[in-house]
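Student: Sharing a structure with you now.
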Amino acid sequence: MPKGGVNAPVDVAAAATPAVDPRLIVRQQGLKGYVQEFRRRVSSGELGSLPVIVALIVIWVVFGSLNSSFLSAQNLSNLSQQIVGTGMIALGVVFVLLLGEIDLSVGSVSGLCAAIFAVMDVTHGVNQWVALVCALAGGAAVGLIQGFFFAKIGVPAFVVTLAGNLFWNGLMLQILGSQGTINLPGDDIVSKLYTTIYGAQIAAYGTAAIGVLLFLASQLIDARRRQAAGVPSRPPLDIALRTILLAIVAFLAAYTLNQYKGLPLALLIFLIFIVVLDFVLRRTTYGRQIFALGGNIEGARRAGINVSWTRISVFMITSTMAAIGGLFLAAQIQSASQTSGGGNLLMNSIAAAVIGGTSLFGGRGSTWSALLGALVIGSILSGMNIQGLSNALQFMITGAVLLAAVVIDSLARRTQRAAGRA
């Protein structure tokens, strides 16, 4: 009870003072504030992308010290192209993992859609753009079917997509027929999207500059909107430091690409997909609904979110991205065959999303996880191939890295729960 009785005046100004995010307070304290915030994030399990970035640096240092050709401009440029197919599939896997679910059919879906394009384009002479649209539509249709069984019928996603993995692989074999392998001509639209490289240095440097400017603009707009709404926003120093760090990474990557052949179109397309889908996840109502479902499905349902439609649409996105990844992989080897979508593609795609920082438990992750995870997986495979290591060791090392990522994710969630943030 307030001093002086129930009718005593209350300090309205104090009660109306908005809460200030402590993370923004410490940022305003200079270097000391950043150190304090880093300690707080570590102690509360909010590691973000830090572990995977550290792991990537360690991988590059180790393989670079073992063989200088690993960090050569040629190898890194080739790596940036080679990760696109798997990275595109991992980008779709990020969406389904945000729901706390899994899709075990992405490998076979990628092979199926590559086969659809090859058969229509090469065997039947259909217009290339029509064949491309049909392949992508096939991926979306697969997601619609699997999403329906999961969201409407109630069959667990693990079972639906495991059955789909077998069914779509069989359908791919049926489409390819007795021929088994269909070679792409090399001048088709899919091959051009993968093999085209912009040799002019302005292409790589210009892309880096545009990316940095877009990031800076988005940060300033977001800060202005938050200030107008009376909620905490990032200090100007924080925005400046983030922009400078991004500029260093972007222009260093552009410089490396220009030391070999230039900017690969496939990498540019991959980055555009990452940025656009990141905007969808973080800046749209639909994206917030996906995070809400992964965090608390019952709470999301009570908030009026159309759970069934959101789940179905996420599976459609995942399968469509698998189709896009499958087309890039087919362009990489210039063919669609009975082995398309097989091998360790499924494992690497899921591993890339998880290693990149997307939680297997749902509700936490980013589209940038696909890029970081694909870089880690691709770097490990590239380094081990240069060292001439056997496939057995490559499987074991990749599996160990995946296990380490899941362990870190589990420990982070446990720490967040103990800190009252999960």
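Labels for the structure tokens follow display order: chains A, B, ..., residues from 1 in each chain, ligands from 1.
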Write out as a list of chain:residue names the set of residues from range 19-243 of chain A that DSSP, computed on the backbone, places in strand (DSSP E).

Tutor: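 Those residues are A:Ile182, A:Asn183, A:Ile197, A:Tyr198.
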
Student: Keeping only C-alpha atoms, write the selected residues to a file as a tab-separated table (two decimals), in the first residue's frame.

Tutor:
```tsv
chain	number	residue	atom	x	y	z
A	182	ILE	CA	20.60	-37.65	-69.21
A	183	ASN	CA	23.44	-35.27	-70.02
A	197	ILE	CA	31.10	-15.85	-63.99
A	198	TYR	CA	31.30	-12.06	-64.18
```

Student: Dump as a Markdown table the rows for residues of range 366-396 of chain A within 12 Å of range 59-74 of chain A: closest atom pair and distance in Å with one decimal, only C-alpha atoms counted, ordered by chain and rising residue number.

Tutor:
```
| residue | atom | partner | partner_atom | distance |
| --- | --- | --- | --- | --- |
| A:Leu375 | CA | A:Ile59 | CA | 10.2 |
| A:Val376 | CA | A:Ile59 | CA | 7.7 |
| A:Ile377 | CA | A:Ile59 | CA | 10.0 |
| A:Gly378 | CA | A:Ile59 | CA | 10.6 |
| A:Ser379 | CA | A:Ile59 | CA | 7.2 |
| A:Ile380 | CA | A:Ile59 | CA | 7.1 |
| A:Leu381 | CA | A:Phe63 | CA | 10.7 |
| A:Ser382 | CA | A:Phe70 | CA | 7.8 |
| A:Gly383 | CA | A:Phe63 | CA | 5.7 |
| A:Met384 | CA | A:Phe63 | CA | 8.2 |
| A:Asn385 | CA | A:Phe70 | CA | 10.0 |
| A:Ile386 | CA | A:Phe70 | CA | 7.4 |
| A:Gln387 | CA | A:Asn67 | CA | 7.7 |
| A:Gly388 | CA | A:Asn67 | CA | 11.2 |
```

Student: When you count only C-alpha atoms, which of these residues is closest to Ala115 in chain A: A:Ala400, A:Ala204, A:Val231, A:Ile175?

Tutor: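 Checking each candidate against Ala115 in chain A, we get A:Ile175 as the closest.
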
Student: Which one of A:Ala253, A:Val307, A:Ile89, A:Val407 sits closest to Leu76 in chain A if you count only C-alpha atoms?

Tutor: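 With only C-alpha atoms as the atom set, the closest residue is A:Ala253.
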
Student: Contacts of Phe315 in chain A at 12 Å or less, counting only C-alpha atoms, minus same-chain residues fewer than 4 places along, as a PyMOL selection string?

Tutor: chain A and resi 92-99+101-106+109+139-151+157+160-161+290+308-311+319-322

Student: Name the residues of range 138-236 of chain A that fall into alpha helix (DSSP H) according to DSSP on the backbone, using the chain letters and numbers of this document, as a PyMOL selection string.

Tutor: chain A and resi 138-148+157-176+189-195+201-228+236

Student: Just want the 9 Å neighbourhood of Leu345 in chain A, counted on only C-alpha atoms, with same-chain residues fewer than 3 positions away dropped. Output as JSON, numbers by chain.

Tutor: {"A": [86, 106, 107, 341, 342, 348, 349, 350]}

Student: Take the residues that were just selected and, keeping C-alpha atoms, output them as a compact mmCIF listing (two decimals), in the first residue's frame.

Tutor:
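For reference, part.txt as written:
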```txt
# COMPACT_ATOMS: atom_id res chain seq x y z
CA THR A 86 23.72 -27.93 -51.02
CA VAL A 106 14.87 -33.07 -49.70
CA GLY A 107 17.60 -35.20 -51.30
CA GLY A 341 19.89 -36.60 -54.80
CA GLY A 342 21.55 -39.65 -53.26
CA ASN A 348 25.05 -32.58 -45.69
CA SER A 349 21.97 -30.40 -46.27
CA ILE A 350 20.55 -30.98 -42.80
```

Student: Using only C-alpha atoms, tabulate the residues of range 115-134 of chain A lying at most 9 Å from any atom of range 324-337 of chain A, each with its closest atom pair and that distance in Å to one decimal, by chain and increasing residue number, as JSON lines.

Tutor:
```
{"residue": "A:Ala115", "atom": "CA", "partner": "A:Ala336", "partner_atom": "CA", "distance": 5.6}
{"residue": "A:Phe117", "atom": "CA", "partner": "A:Leu327", "partner_atom": "CA", "distance": 8.0}
{"residue": "A:Ala118", "atom": "CA", "partner": "A:Ala336", "partner_atom": "CA", "distance": 6.5}
{"residue": "A:Val119", "atom": "CA", "partner": "A:Ala336", "partner_atom": "CA", "distance": 8.8}
{"residue": "A:Leu132", "atom": "CA", "partner": "A:Leu327", "partner_atom": "CA", "distance": 8.8}
```

Student: Fewer than 4 positions away in the same chain doesn't count, so skip those; otherwise give me all residues within 10 Å of Tyr255 in chain A, counting only C-alpha atoms, as a list in words.

Tutor: Ala73, Gln201, Ala204, Tyr205, Ala208, Val249, Ala250, Phe251, Gln259, Tyr260, Gly262 and Leu263 of chain A

Student: Write the residues of the selection above to a file with N, CA, C and O atoms, as a PDB file, in the first residue's frame.

Tutor:
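This went into part-v2.pdb:
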```pdb
ATOM      1  N   ALA A  73      43.050 -18.355 -54.109  1.00  0.00           N
ATOM      2  CA  ALA A  73      41.862 -17.729 -54.686  1.00  0.00           C
ATOM      3  C   ALA A  73      41.087 -18.716 -55.543  1.00  0.00           C
ATOM      4  O   ALA A  73      39.849 -18.710 -55.565  1.00  0.00           O
ATOM      5  N   GLN A 201      35.944  -6.704 -62.550  1.00  0.00           N
ATOM      6  CA  GLN A 201      36.126  -6.547 -61.109  1.00  0.00           C
ATOM      7  C   GLN A 201      35.026  -5.735 -60.463  1.00  0.00           C
ATOM      8  O   GLN A 201      34.709  -5.930 -59.284  1.00  0.00           O
ATOM      9  N   ALA A 204      32.103  -7.862 -58.628  1.00  0.00           N
ATOM     10  CA  ALA A 204      32.264  -8.329 -57.249  1.00  0.00           C
ATOM     11  C   ALA A 204      32.291  -7.160 -56.277  1.00  0.00           C
ATOM     12  O   ALA A 204      31.615  -7.179 -55.234  1.00  0.00           O
ATOM     13  N   TYR A 205      33.082  -6.133 -56.605  1.00  0.00           N
ATOM     14  CA  TYR A 205      33.173  -4.976 -55.705  1.00  0.00           C
ATOM     15  C   TYR A 205      31.847  -4.224 -55.636  1.00  0.00           C
ATOM     16  O   TYR A 205      31.447  -3.749 -54.554  1.00  0.00           O
ATOM     17  N   ALA A 208      29.500  -6.140 -53.387  1.00  0.00           N
ATOM     18  CA  ALA A 208      29.879  -5.937 -51.985  1.00  0.00           C
ATOM     19  C   ALA A 208      29.413  -4.578 -51.488  1.00  0.00           C
ATOM     20  O   ALA A 208      28.865  -4.454 -50.380  1.00  0.00           O
ATOM     21  N   VAL A 249      34.461  -7.966 -44.441  1.00  0.00           N
ATOM     22  CA  VAL A 249      34.225  -9.324 -44.918  1.00  0.00           C
ATOM     23  C   VAL A 249      33.807  -9.317 -46.385  1.00  0.00           C
ATOM     24  O   VAL A 249      34.316 -10.105 -47.204  1.00  0.00           O
ATOM     25  N   ALA A 250      32.901  -8.413 -46.761  1.00  0.00           N
ATOM     26  CA  ALA A 250      32.366  -8.378 -48.128  1.00  0.00           C
ATOM     27  C   ALA A 250      33.452  -8.027 -49.145  1.00  0.00           C
ATOM     28  O   ALA A 250      33.584  -8.688 -50.188  1.00  0.00           O
ATOM     29  N   PHE A 251      34.237  -6.992 -48.853  1.00  0.00           N
ATOM     30  CA  PHE A 251      35.255  -6.572 -49.820  1.00  0.00           C
ATOM     31  C   PHE A 251      36.435  -7.530 -49.855  1.00  0.00           C
ATOM     32  O   PHE A 251      37.085  -7.682 -50.897  1.00  0.00           O
ATOM     33  N   GLN A 259      40.639 -12.302 -57.730  1.00  0.00           N
ATOM     34  CA  GLN A 259      41.983 -12.819 -57.948  1.00  0.00           C
ATOM     35  C   GLN A 259      41.966 -14.072 -58.815  1.00  0.00           C
ATOM     36  O   GLN A 259      43.015 -14.493 -59.316  1.00  0.00           O
ATOM     37  N   TYR A 260      40.785 -14.656 -59.015  1.00  0.00           N
ATOM     38  CA  TYR A 260      40.695 -15.844 -59.870  1.00  0.00           C
ATOM     39  C   TYR A 260      39.944 -15.499 -61.154  1.00  0.00           C
ATOM     40  O   TYR A 260      40.522 -14.997 -62.098  1.00  0.00           O
ATOM     41  N   GLY A 262      36.409 -14.092 -61.012  1.00  0.00           N
ATOM     42  CA  GLY A 262      35.424 -13.059 -60.795  1.00  0.00           C
ATOM     43  C   GLY A 262      34.255 -13.568 -59.966  1.00  0.00           C
ATOM     44  O   GLY A 262      34.370 -14.551 -59.223  1.00  0.00           O
ATOM     45  N   LEU A 263      33.118 -12.897 -60.094  1.00  0.00           N
ATOM     46  CA  LEU A 263      31.934 -13.209 -59.290  1.00  0.00           C
ATOM     47  C   LEU A 263      31.079 -14.260 -59.977  1.00  0.00           C
ATOM     48  O   LEU A 263      30.521 -14.015 -61.051  1.00  0.00           O
TER      49      LEU A 263
END
```

Student: Between A:Val84, A:Thr243, A:Asn75, A:Phe273, which has the minimum distance to Ala352 in chain A (counting only C-alpha atoms)?

Tutor: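 Looking at the shortest contact to Ala352 in chain A, the residue is A:Val84.
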
Student: With only C-alpha atoms as the atoms that count, which of A:Gln289, A:Gln338, A:Gly186, A:Ala405 lies nearest to Ala303 in chain A?

Tutor: A:Gln289

Student: Which one is closest to Leu246 in chain A: A:Ala209, A:Thr284, A:Leu403, A:Gln227? Count only C-alpha atoms.

Tutor: A:Ala209
